[in-house]
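A.B. asks: Coordinates in data39.pdb, PDB, C-alpha atoms, pLDDT in the B column, are listed below.
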MODEL        1
ATOM      1  CA  MET A   1     -21.581  -7.306 -38.249  1.00 93.00           C
ATOM      2  CA  ALA A   2     -20.185  -6.052 -41.535  1.00 94.00           C
ATOM      3  CA  THR A   3     -17.373  -4.033 -43.126  1.00 95.00           C
ATOM      4  CA  LYS A   4     -17.700  -0.571 -44.612  1.00 96.00           C
ATOM      5  CA  LEU A   5     -16.455  -0.554 -48.208  1.00 95.00           C
ATOM      6  CA  GLY A   6     -17.136   3.036 -49.300  1.00 95.00           C
ATOM      7  CA  MET A   7     -19.786   5.307 -50.805  1.00 95.00           C
ATOM      8  CA  MET A   8     -21.337   5.655 -54.247  1.00 96.00           C
ATOM      9  CA  SER A   9     -24.399   6.988 -56.055  1.00 96.00           C
ATOM     10  CA  PHE A  10     -27.323   4.654 -56.685  1.00 95.00           C
ATOM     11  CA  PHE A  11     -29.858   5.389 -59.401  1.00 95.00           C
ATOM     12  CA  GLU A  12     -33.401   4.264 -58.651  1.00 91.00           C
ATOM     13  CA  GLU A  13     -35.844   3.199 -61.369  1.00 89.00           C
ATOM     14  CA  SER A  14     -37.440   6.649 -61.259  1.00 90.00           C
ATOM     15  CA  GLY A  15     -34.048   8.227 -62.020  1.00 91.00           C
ATOM     16  CA  THR A  16     -33.558   9.622 -58.514  1.00 93.00           C
ATOM     17  CA  VAL A  17     -29.930   9.634 -57.342  1.00 96.00           C
ATOM     18  CA  VAL A  18     -29.475   8.290 -53.821  1.00 95.00           C
ATOM     19  CA  PRO A  19     -26.160   8.503 -51.922  1.00 96.00           C
ATOM     20  CA  VAL A  20     -25.474   5.077 -50.426  1.00 97.00           C
ATOM     21  CA  THR A  21     -22.794   3.395 -48.346  1.00 96.00           C
ATOM     22  CA  VAL A  22     -21.710  -0.018 -49.602  1.00 96.00           C
ATOM     23  CA  VAL A  23     -21.429  -2.606 -46.830  1.00 95.00           C
ATOM     24  CA  GLY A  24     -19.678  -5.956 -47.364  1.00 93.00           C
ATOM     25  CA  PHE A  25     -19.676  -9.176 -45.378  1.00 89.00           C
ATOM     26  CA  ARG A  26     -16.484 -11.139 -44.770  1.00 81.00           C
ATOM     27  CA  GLU A  27     -16.326 -14.703 -43.512  1.00 80.00           C
ATOM     28  CA  GLY A  28     -18.034 -14.906 -40.178  1.00 76.00           C
ATOM     29  CA  ASN A  29     -21.293 -13.847 -38.497  1.00 89.00           C
ATOM     30  CA  ILE A  30     -21.373 -17.197 -36.723  1.00 93.00           C
ATOM     31  CA  VAL A  31     -23.283 -17.755 -33.481  1.00 93.00           C
ATOM     32  CA  THR A  32     -20.599 -18.402 -30.851  1.00 93.00           C
ATOM     33  CA  GLN A  33     -22.702 -18.405 -27.678  1.00 93.00           C
ATOM     34  CA  ILE A  34     -26.349 -18.325 -26.630  1.00 94.00           C
ATOM     35  CA  LYS A  35     -27.362 -16.685 -23.357  1.00 93.00           C
ATOM     36  CA  THR A  36     -30.729 -17.354 -21.741  1.00 93.00           C
ATOM     37  CA  GLU A  37     -32.601 -16.039 -18.740  1.00 93.00           C
ATOM     38  CA  ALA A  38     -31.981 -19.314 -16.955  1.00 91.00           C
ATOM     39  CA  THR A  39     -28.177 -19.152 -17.305  1.00 91.00           C
ATOM     40  CA  ASP A  40     -27.377 -15.428 -17.568  1.00 92.00           C
ATOM     41  CA  GLY A  41     -30.551 -13.590 -16.574  1.00 93.00           C
ATOM     42  CA  TYR A  42     -31.336 -12.316 -20.088  1.00 93.00           C
ATOM     43  CA  ASN A  43     -31.679 -13.547 -23.664  1.00 94.00           C
ATOM     44  CA  ALA A  44     -28.861 -12.726 -26.064  1.00 94.00           C
ATOM     45  CA  VAL A  45     -26.909 -14.156 -28.971  1.00 94.00           C
ATOM     46  CA  GLN A  46     -23.145 -13.701 -29.229  1.00 94.00           C
ATOM     47  CA  VAL A  47     -21.915 -13.468 -32.811  1.00 94.00           C
ATOM     48  CA  GLY A  48     -18.366 -13.746 -34.179  1.00 94.00           C
ATOM     49  CA  TYR A  49     -17.146 -12.016 -37.336  1.00 93.00           C
ATOM     50  CA  ARG A  50     -14.091 -11.989 -39.614  1.00 91.00           C
ATOM     51  CA  ARG A  51     -11.880 -15.057 -39.624  1.00 91.00           C
ATOM     52  CA  VAL A  52      -8.217 -14.620 -38.583  1.00 91.00           C
ATOM     53  CA  ARG A  53      -5.194 -16.779 -37.853  1.00 93.00           C
ATOM     54  CA  ASP A  54      -4.865 -18.547 -34.524  1.00 91.00           C
ATOM     55  CA  ARG A  55      -1.879 -16.455 -33.455  1.00 93.00           C
ATOM     56  CA  LYS A  56      -3.924 -13.259 -33.783  1.00 92.00           C
ATOM     57  CA  LEU A  57      -6.064 -14.198 -30.765  1.00 93.00           C
ATOM     58  CA  THR A  58      -5.240 -14.625 -27.099  1.00 94.00           C
ATOM     59  CA  LYS A  59      -5.450 -18.011 -25.399  1.00 94.00           C
ATOM     60  CA  PRO A  60      -8.686 -17.098 -23.538  1.00 94.00           C
ATOM     61  CA  GLU A  61     -10.288 -16.029 -26.823  1.00 93.00           C
ATOM     62  CA  MET A  62      -9.150 -19.218 -28.546  1.00 94.00           C
ATOM     63  CA  GLY A  63     -10.397 -21.329 -25.641  1.00 94.00           C
ATOM     64  CA  HIS A  64     -13.813 -19.672 -25.772  1.00 93.00           C
ATOM     65  CA  LEU A  65     -14.185 -20.472 -29.474  1.00 93.00           C
ATOM     66  CA  GLU A  66     -12.655 -23.958 -29.337  1.00 93.00           C
ATOM     67  CA  LYS A  67     -15.108 -24.878 -26.604  1.00 90.00           C
ATOM     68  CA  SER A  68     -17.880 -24.699 -29.218  1.00 87.00           C
ATOM     69  CA  GLY A  69     -15.744 -25.934 -32.116  1.00 90.00           C
ATOM     70  CA  ILE A  70     -15.706 -22.584 -33.965  1.00 92.00           C
ATOM     71  CA  ILE A  71     -13.010 -21.165 -36.241  1.00 91.00           C
ATOM     72  CA  PRO A  72     -10.882 -18.242 -34.952  1.00 93.00           C
ATOM     73  CA  LEU A  73     -12.857 -14.995 -35.302  1.00 93.00           C
ATOM     74  CA  ARG A  74     -11.602 -11.472 -34.738  1.00 92.00           C
ATOM     75  CA  HIS A  75     -14.718  -9.725 -33.410  1.00 93.00           C
ATOM     76  CA  LEU A  76     -17.272 -10.944 -30.867  1.00 93.00           C
ATOM     77  CA  GLN A  77     -20.403  -8.931 -30.147  1.00 93.00           C
ATOM     78  CA  GLU A  78     -23.608  -9.608 -28.279  1.00 93.00           C
ATOM     79  CA  PHE A  79     -27.128  -8.899 -29.542  1.00 92.00           C
ATOM     80  CA  ARG A  80     -30.109  -8.830 -27.187  1.00 91.00           C
ATOM     81  CA  VAL A  81     -33.136 -10.745 -28.484  1.00 89.00           C
ATOM     82  CA  GLN A  82     -36.659 -11.422 -27.223  1.00 89.00           C
ATOM     83  CA  THR A  83     -36.195 -15.178 -27.558  1.00 89.00           C
ATOM     84  CA  VAL A  84     -33.296 -17.429 -28.516  1.00 89.00           C
ATOM     85  CA  ASP A  85     -35.538 -19.893 -30.343  1.00 89.00           C
ATOM     86  CA  GLY A  86     -34.194 -20.566 -33.822  1.00 87.00           C
ATOM     87  CA  PHE A  87     -30.562 -19.892 -32.904  1.00 91.00           C
ATOM     88  CA  GLU A  88     -27.922 -22.573 -32.468  1.00 92.00           C
ATOM     89  CA  VAL A  89     -24.210 -22.450 -31.673  1.00 91.00           C
ATOM     90  CA  THR A  90     -22.047 -22.643 -34.866  1.00 91.00           C
ATOM     91  CA  GLN A  91     -25.047 -21.420 -36.909  1.00 91.00           C
ATOM     92  CA  LYS A  92     -24.028 -19.089 -39.742  1.00 92.00           C
ATOM     93  CA  LEU A  93     -26.253 -16.041 -40.066  1.00 91.00           C
ATOM     94  CA  ASP A  94     -27.211 -15.093 -43.614  1.00 88.00           C
ATOM     95  CA  PHE A  95     -27.858 -11.386 -44.120  1.00 86.00           C
ATOM     96  CA  ASN A  96     -30.411 -12.205 -46.828  1.00 84.00           C
ATOM     97  CA  GLU A  97     -32.602 -13.813 -44.170  1.00 86.00           C
ATOM     98  CA  LEU A  98     -32.058 -11.036 -41.628  1.00 87.00           C
ATOM     99  CA  PHE A  99     -32.661  -7.962 -43.798  1.00 90.00           C
ATOM    100  CA  LYS A 100     -34.928  -6.999 -46.684  1.00 92.00           C
ATOM    101  CA  GLU A 101     -34.833  -4.108 -49.136  1.00 92.00           C
ATOM    102  CA  GLY A 102     -36.708  -1.090 -47.823  1.00 92.00           C
ATOM    103  CA  GLU A 103     -36.257  -1.961 -44.147  1.00 94.00           C
ATOM    104  CA  LEU A 104     -34.810   0.469 -41.616  1.00 95.00           C
ATOM    105  CA  VAL A 105     -31.686  -0.376 -39.618  1.00 95.00           C
ATOM    106  CA  ASP A 106     -29.570   1.138 -36.843  1.00 95.00           C
ATOM    107  CA  VAL A 107     -25.824   1.213 -37.525  1.00 96.00           C
ATOM    108  CA  SER A 108     -23.182   1.542 -34.778  1.00 95.00           C
ATOM    109  CA  ALA A 109     -19.477   2.112 -35.404  1.00 96.00           C
ATOM    110  CA  THR A 110     -16.425   4.125 -34.374  1.00 96.00           C
ATOM    111  CA  THR A 111     -16.084   7.535 -35.992  1.00 96.00           C
ATOM    112  CA  ILE A 112     -12.936   8.756 -37.748  1.00 96.00           C
ATOM    113  CA  GLY A 113     -10.396  10.057 -35.233  1.00 96.00           C
ATOM    114  CA  LYS A 114      -9.290  13.626 -35.970  1.00 96.00           C
ATOM    115  CA  GLY A 115      -6.882  14.167 -33.089  1.00 97.00           C
ATOM    116  CA  PHE A 116      -6.679  17.346 -30.996  1.00 97.00           C
ATOM    117  CA  GLN A 117      -8.800  20.087 -32.561  1.00 96.00           C
ATOM    118  CA  GLY A 118      -9.796  23.627 -31.677  1.00 95.00           C
ATOM    119  CA  GLY A 119     -13.217  25.049 -30.896  1.00 95.00           C
ATOM    120  CA  ILE A 120     -13.994  26.097 -34.470  1.00 95.00           C
ATOM    121  CA  LYS A 121     -13.580  22.633 -35.973  1.00 96.00           C
ATOM    122  CA  ARG A 122     -14.737  20.645 -32.947  1.00 96.00           C
ATOM    123  CA  HIS A 123     -17.813  22.685 -31.958  1.00 96.00           C
ATOM    124  CA  ASN A 124     -18.446  24.918 -35.014  1.00 96.00           C
ATOM    125  CA  PHE A 125     -17.554  28.104 -33.158  1.00 94.00           C
ATOM    126  CA  LYS A 126     -17.445  31.367 -35.098  1.00 93.00           C
ATOM    127  CA  ARG A 127     -14.027  32.939 -35.634  1.00 92.00           C
ATOM    128  CA  GLY A 128     -13.122  36.548 -34.953  1.00 91.00           C
ATOM    129  CA  GLN A 129     -12.287  39.221 -37.507  1.00 92.00           C
ATOM    130  CA  MET A 130      -9.185  38.564 -39.593  1.00 93.00           C
ATOM    131  CA  THR A 131      -8.276  42.268 -39.880  1.00 92.00           C
ATOM    132  CA  HIS A 132      -5.051  43.703 -38.442  1.00 90.00           C
ATOM    133  CA  GLY A 133      -6.759  45.378 -35.495  1.00 90.00           C
ATOM    134  CA  SER A 134      -8.293  42.205 -34.199  1.00 88.00           C
ATOM    135  CA  LYS A 135      -6.382  40.190 -31.626  1.00 86.00           C
ATOM    136  CA  SER A 136      -8.862  37.284 -31.589  1.00 88.00           C
ATOM    137  CA  HIS A 137      -8.912  35.201 -34.748  1.00 92.00           C
ATOM    138  CA  ARG A 138      -9.416  31.534 -33.871  1.00 92.00           C
ATOM    139  CA  GLN A 139      -8.876  31.712 -30.125  1.00 91.00           C
ATOM    140  CA  LEU A 140     -11.488  30.249 -27.801  1.00 90.00           C
ATOM    141  CA  GLY A 141     -12.204  33.478 -25.883  1.00 87.00           C
ATOM    142  CA  SER A 142     -13.689  33.703 -22.404  1.00 88.00           C
ATOM    143  CA  ILE A 143     -14.486  30.396 -20.708  1.00 90.00           C
ATOM    144  CA  GLY A 144     -16.351  31.823 -17.708  1.00 89.00           C
ATOM    145  CA  ALA A 145     -16.532  34.555 -15.078  1.00 88.00           C
ATOM    146  CA  GLY A 146     -13.573  35.263 -12.767  1.00 87.00           C
ATOM    147  CA  THR A 147     -14.632  35.629  -9.133  1.00 89.00           C
ATOM    148  CA  THR A 148     -17.965  33.827  -9.443  1.00 89.00           C
ATOM    149  CA  PRO A 149     -17.932  30.867  -9.832  1.00 88.00           C
ATOM    150  CA  GLY A 150     -14.117  31.014  -9.940  1.00 90.00           C
ATOM    151  CA  ARG A 151     -13.866  27.817 -11.934  1.00 92.00           C
ATOM    152  CA  VAL A 152     -14.810  26.321 -15.266  1.00 93.00           C
ATOM    153  CA  TYR A 153     -18.045  24.371 -15.390  1.00 93.00           C
ATOM    154  CA  LYS A 154     -17.857  20.724 -16.384  1.00 94.00           C
ATOM    155  CA  GLY A 155     -18.915  20.055 -19.948  1.00 93.00           C
ATOM    156  CA  LYS A 156     -17.678  23.402 -21.247  1.00 94.00           C
ATOM    157  CA  LYS A 157     -17.116  23.234 -25.014  1.00 95.00           C
ATOM    158  CA  MET A 158     -13.375  23.629 -25.424  1.00 95.00           C
ATOM    159  CA  PRO A 159     -10.539  22.316 -27.624  1.00 95.00           C
ATOM    160  CA  GLY A 160      -9.796  18.626 -27.221  1.00 96.00           C
ATOM    161  CA  ARG A 161      -9.740  15.218 -28.863  1.00 96.00           C
ATOM    162  CA  MET A 162     -12.240  14.950 -31.676  1.00 96.00           C
ATOM    163  CA  GLY A 163     -13.669  11.753 -33.170  1.00 96.00           C
ATOM    164  CA  GLY A 164     -12.642   8.198 -32.455  1.00 95.00           C
ATOM    165  CA  THR A 165     -15.784   7.572 -30.413  1.00 96.00           C
ATOM    166  CA  LYS A 166     -18.597   5.076 -30.784  1.00 96.00           C
ATOM    167  CA  THR A 167     -21.774   6.437 -32.339  1.00 96.00           C
ATOM    168  CA  LYS A 168     -25.064   5.125 -33.662  1.00 95.00           C
ATOM    169  CA  ILE A 169     -27.050   6.363 -36.654  1.00 95.00           C
ATOM    170  CA  ARG A 170     -30.693   5.365 -36.507  1.00 95.00           C
ATOM    171  CA  LYS A 171     -33.358   4.569 -39.081  1.00 95.00           C
ATOM    172  CA  LEU A 172     -31.281   4.194 -42.231  1.00 96.00           C
ATOM    173  CA  LYS A 173     -32.993   2.606 -45.207  1.00 95.00           C
ATOM    174  CA  ILE A 174     -31.648  -0.456 -47.030  1.00 96.00           C
ATOM    175  CA  ILE A 175     -31.714   0.498 -50.693  1.00 95.00           C
ATOM    176  CA  LYS A 176     -30.277  -2.608 -52.357  1.00 93.00           C
ATOM    177  CA  ILE A 177     -29.209  -6.158 -51.479  1.00 93.00           C
ATOM    178  CA  ASP A 178     -26.806  -7.917 -53.860  1.00 91.00           C
ATOM    179  CA  ASP A 179     -26.586 -11.664 -53.230  1.00 86.00           C
ATOM    180  CA  GLU A 180     -23.800 -12.283 -55.749  1.00 87.00           C
ATOM    181  CA  LEU A 181     -21.406  -9.701 -54.305  1.00 88.00           C
ATOM    182  CA  ASN A 182     -22.541 -10.168 -50.682  1.00 89.00           C
ATOM    183  CA  ILE A 183     -23.146  -6.453 -50.161  1.00 92.00           C
ATOM    184  CA  LEU A 184     -25.798  -4.117 -48.804  1.00 93.00           C
ATOM    185  CA  MET A 185     -26.410  -0.566 -49.958  1.00 95.00           C
ATOM    186  CA  ILE A 186     -27.612   1.631 -47.110  1.00 96.00           C
ATOM    187  CA  LYS A 187     -28.867   5.161 -47.711  1.00 96.00           C
ATOM    188  CA  GLY A 188     -26.661   7.907 -46.299  1.00 95.00           C
ATOM    189  CA  ALA A 189     -23.243   8.006 -44.672  1.00 95.00           C
ATOM    190  CA  LEU A 190     -22.028   5.555 -42.034  1.00 96.00           C
ATOM    191  CA  PRO A 191     -19.382   6.229 -39.361  1.00 95.00           C
ATOM    192  CA  GLY A 192     -15.699   5.486 -39.911  1.00 94.00           C
ATOM    193  CA  LYS A 193     -13.326   4.930 -42.804  1.00 94.00           C
ATOM    194  CA  PRO A 194     -13.595   2.197 -45.451  1.00 95.00           C
ATOM    195  CA  GLY A 195     -12.678  -1.064 -43.756  1.00 93.00           C
ATOM    196  CA  ASN A 196     -14.330  -0.038 -40.499  1.00 94.00           C
ATOM    197  CA  LEU A 197     -16.355  -2.569 -38.496  1.00 95.00           C
ATOM    198  CA  LEU A 198     -20.109  -1.915 -38.483  1.00 95.00           C
ATOM    199  CA  ARG A 199     -22.798  -3.259 -36.174  1.00 95.00           C
ATOM    200  CA  ILE A 200     -26.133  -3.438 -37.999  1.00 94.00           C
ATOM    201  CA  ALA A 201     -29.414  -4.178 -36.217  1.00 92.00           C
ATOM    202  CA  PRO A 202     -33.121  -3.695 -37.041  1.00 91.00           C
ATOM    203  CA  ALA A 203     -34.219  -0.157 -36.249  1.00 91.00           C
ATOM    204  CA  LYS A 204     -36.139   0.498 -33.058  1.00 83.00           C
ATOM    205  CA  ILE A 205     -39.292   2.268 -34.183  1.00 72.00           C
ATOM    206  CA  VAL A 206     -40.914   4.443 -31.527  1.00 65.00           C
ATOM    207  CA  GLY A 207     -44.441   5.644 -32.272  1.00 55.00           C
ATOM    208  CA  LYS A 208     -45.065   6.857 -35.814  1.00 51.00           C
ATOM    209  CA  ASN A 209     -41.769   8.706 -36.288  1.00 52.00           C
ATOM    210  CA  ILE A 210     -40.863   6.883 -39.504  1.00 53.00           C
ATOM    211  CA  PRO A 211     -39.073   8.723 -42.342  1.00 53.00           C
ATOM    212  CA  LYS A 212     -40.824   8.758 -45.712  1.00 51.00           C
ATOM    213  CA  ASN A 213     -37.656   8.131 -47.759  1.00 52.00           C
TER     214      ASN A 213
ENDMDL
END
Now, as a test, write the supplied structure out as structure tokens.
C.D. replies:
Amino acid sequence: MATKLGMMSFFEESGTVVPVTVVGFREGNIVTQIKTEATDGYNAVQVGYRRVRDRKLTKPEMGHLEKSGIIPLRHLQEFRVQTVDGFEVTQKLDFNELFKEGELVDVSATTIGKGFQGGIKRHNFKRGQMTHGSKSHRQLGSIGAGTTPGRVYKGKKMPGRMGGTKTKIRKLKIIKIDDELNILMIKGALPGKPGNLLRIAPAKIVGKNIPKN
């Protein structure tokens, strides 16, 4: 897990300008629990991120961490793995050992919430004429037939809440790793505002569908 810091332009040695998102790592990324097929039916590693004060957590959360002798951590997330060999409770994960420059990663996060929006902004609908004779400028228009079916089908694209949902962007390339500043530079835009929590995992490559850049 990491924190989104913002975007910038990165100049490669060839002079090519690459838009990158800067990702920082706060105190955390500590293994808080290990799940195995024998105990839970599957192999997974639970990781905690971002240290906070004791009073910021509930008593069940504090009890879960104190059971393993771990500092208070704000976020707990679970990562499925093939095998739990090499992982230990209280182990601190170093991003330098997990990722390398040029590798592809999948990034999950919550998008920016935009509130209640109309069809044009939410679904890229086309507006009507803005002349005086037109009576349909940004209205939605017809949403279905009258007598048949006599209702609106589920899933109809209509105005509503936009953003604020979890999304995943796949196969993003790691452009640069800076050990001194504890940051990653990932090509492209990542979901959410600066300060948003990111979940970064190795990309799942299916077949030969691998981007060139």
A.B. asks: With all atoms listed in the file counted and 6 Å as the cut-off, give the residues of range 119-183 of chain A in contact with range 85-107 of chain A, each with its shortest interatomic distance in Å and the pair that gives it, as a tab-separated table.
C.D. replies:
residue	atom	partner	partner_atom	distance
A:Lys168	CA	A:Val107	CA	5.6
A:Ile169	CA	A:Val107	CA	5.4
A:Arg170	CA	A:Asp106	CA	4.4
A:Lys171	CA	A:Leu104	CA	5.0
A:Leu172	CA	A:Leu104	CA	5.2
A:Lys173	CA	A:Leu104	CA	4.6
A:Ile174	CA	A:Gly102	CA	5.2
A:Ile175	CA	A:Glu101	CA	5.8
A:Lys176	CA	A:Glu101	CA	5.8
A.B. asks: Those same residues, written as a PDB file, in the coordinates of the input with C-alpha atoms?
C.D. replies:
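And here is the file that came out, result10.pdb:
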ATOM      1  CA  LYS A 168     -25.064   5.125 -33.662  1.00 95.00           C
ATOM      2  CA  ILE A 169     -27.050   6.363 -36.654  1.00 95.00           C
ATOM      3  CA  ARG A 170     -30.693   5.365 -36.507  1.00 95.00           C
ATOM      4  CA  LYS A 171     -33.358   4.569 -39.081  1.00 95.00           C
ATOM      5  CA  LEU A 172     -31.281   4.194 -42.231  1.00 96.00           C
ATOM      6  CA  LYS A 173     -32.993   2.606 -45.207  1.00 95.00           C
ATOM      7  CA  ILE A 174     -31.648  -0.456 -47.030  1.00 96.00           C
ATOM      8  CA  ILE A 175     -31.714   0.498 -50.693  1.00 95.00           C
ATOM      9  CA  LYS A 176     -30.277  -2.608 -52.357  1.00 93.00           C
TER      10      LYS A 176
END
A.B. asks: For His123 in chain A, which residue among A:Arg50, A:Lys166, A:Arg161, A:Lys4 is the nearest when counting all atoms listed in the file?
C.D. replies: A:Arg161
A.B. asks: Any chance you could work out the residue set of the PyMOL selection byres ((chain A and resi 57) around 12) here, as a ChimeraX atom specification?
C.D. replies: /A:51-56,58-66,71-76
A.B. asks: Between A:Gly6, A:Ser68, A:Ser136, A:Ile112, single out the one closest to Ile34 in chain A, counting only C-alpha atoms.
C.D. replies: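 Ranking A:Gly6, A:Ser68, A:Ser136, A:Ile112 by distance to Ile34 in chain A, first place goes to A:Ser68.
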A.B. asks: Could you list, as a PDB file with C-alpha atoms, in the frame of the given file, every residue matched by the PyMOL selection byres ((chain A and resi 36-48) around 6) in this structure?
C.D. replies:
ATOM      1  CA  ASN A  29     -21.293 -13.847 -38.497  1.00 89.00           C
ATOM      2  CA  ILE A  30     -21.373 -17.197 -36.723  1.00 93.00           C
ATOM      3  CA  VAL A  31     -23.283 -17.755 -33.481  1.00 93.00           C
ATOM      4  CA  THR A  32     -20.599 -18.402 -30.851  1.00 93.00           C
ATOM      5  CA  GLN A  33     -22.702 -18.405 -27.678  1.00 93.00           C
ATOM      6  CA  ILE A  34     -26.349 -18.325 -26.630  1.00 94.00           C
ATOM      7  CA  LYS A  35     -27.362 -16.685 -23.357  1.00 93.00           C
ATOM      8  CA  TYR A  49     -17.146 -12.016 -37.336  1.00 93.00           C
ATOM      9  CA  LEU A  73     -12.857 -14.995 -35.302  1.00 93.00           C
ATOM     10  CA  HIS A  75     -14.718  -9.725 -33.410  1.00 93.00           C
ATOM     11  CA  LEU A  76     -17.272 -10.944 -30.867  1.00 93.00           C
ATOM     12  CA  GLN A  77     -20.403  -8.931 -30.147  1.00 93.00           C
ATOM     13  CA  GLU A  78     -23.608  -9.608 -28.279  1.00 93.00           C
ATOM     14  CA  PHE A  79     -27.128  -8.899 -29.542  1.00 92.00           C
ATOM     15  CA  ARG A  80     -30.109  -8.830 -27.187  1.00 91.00           C
ATOM     16  CA  VAL A  81     -33.136 -10.745 -28.484  1.00 89.00           C
TER      17      VAL A  81
END
A.B. asks: Give me, please, the distance in Å between CA of Val23 in chain A and CA of Gln117 in chain A, quoted to one decimal.
C.D. replies: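 Those two atoms sit 29.6 Å apart.
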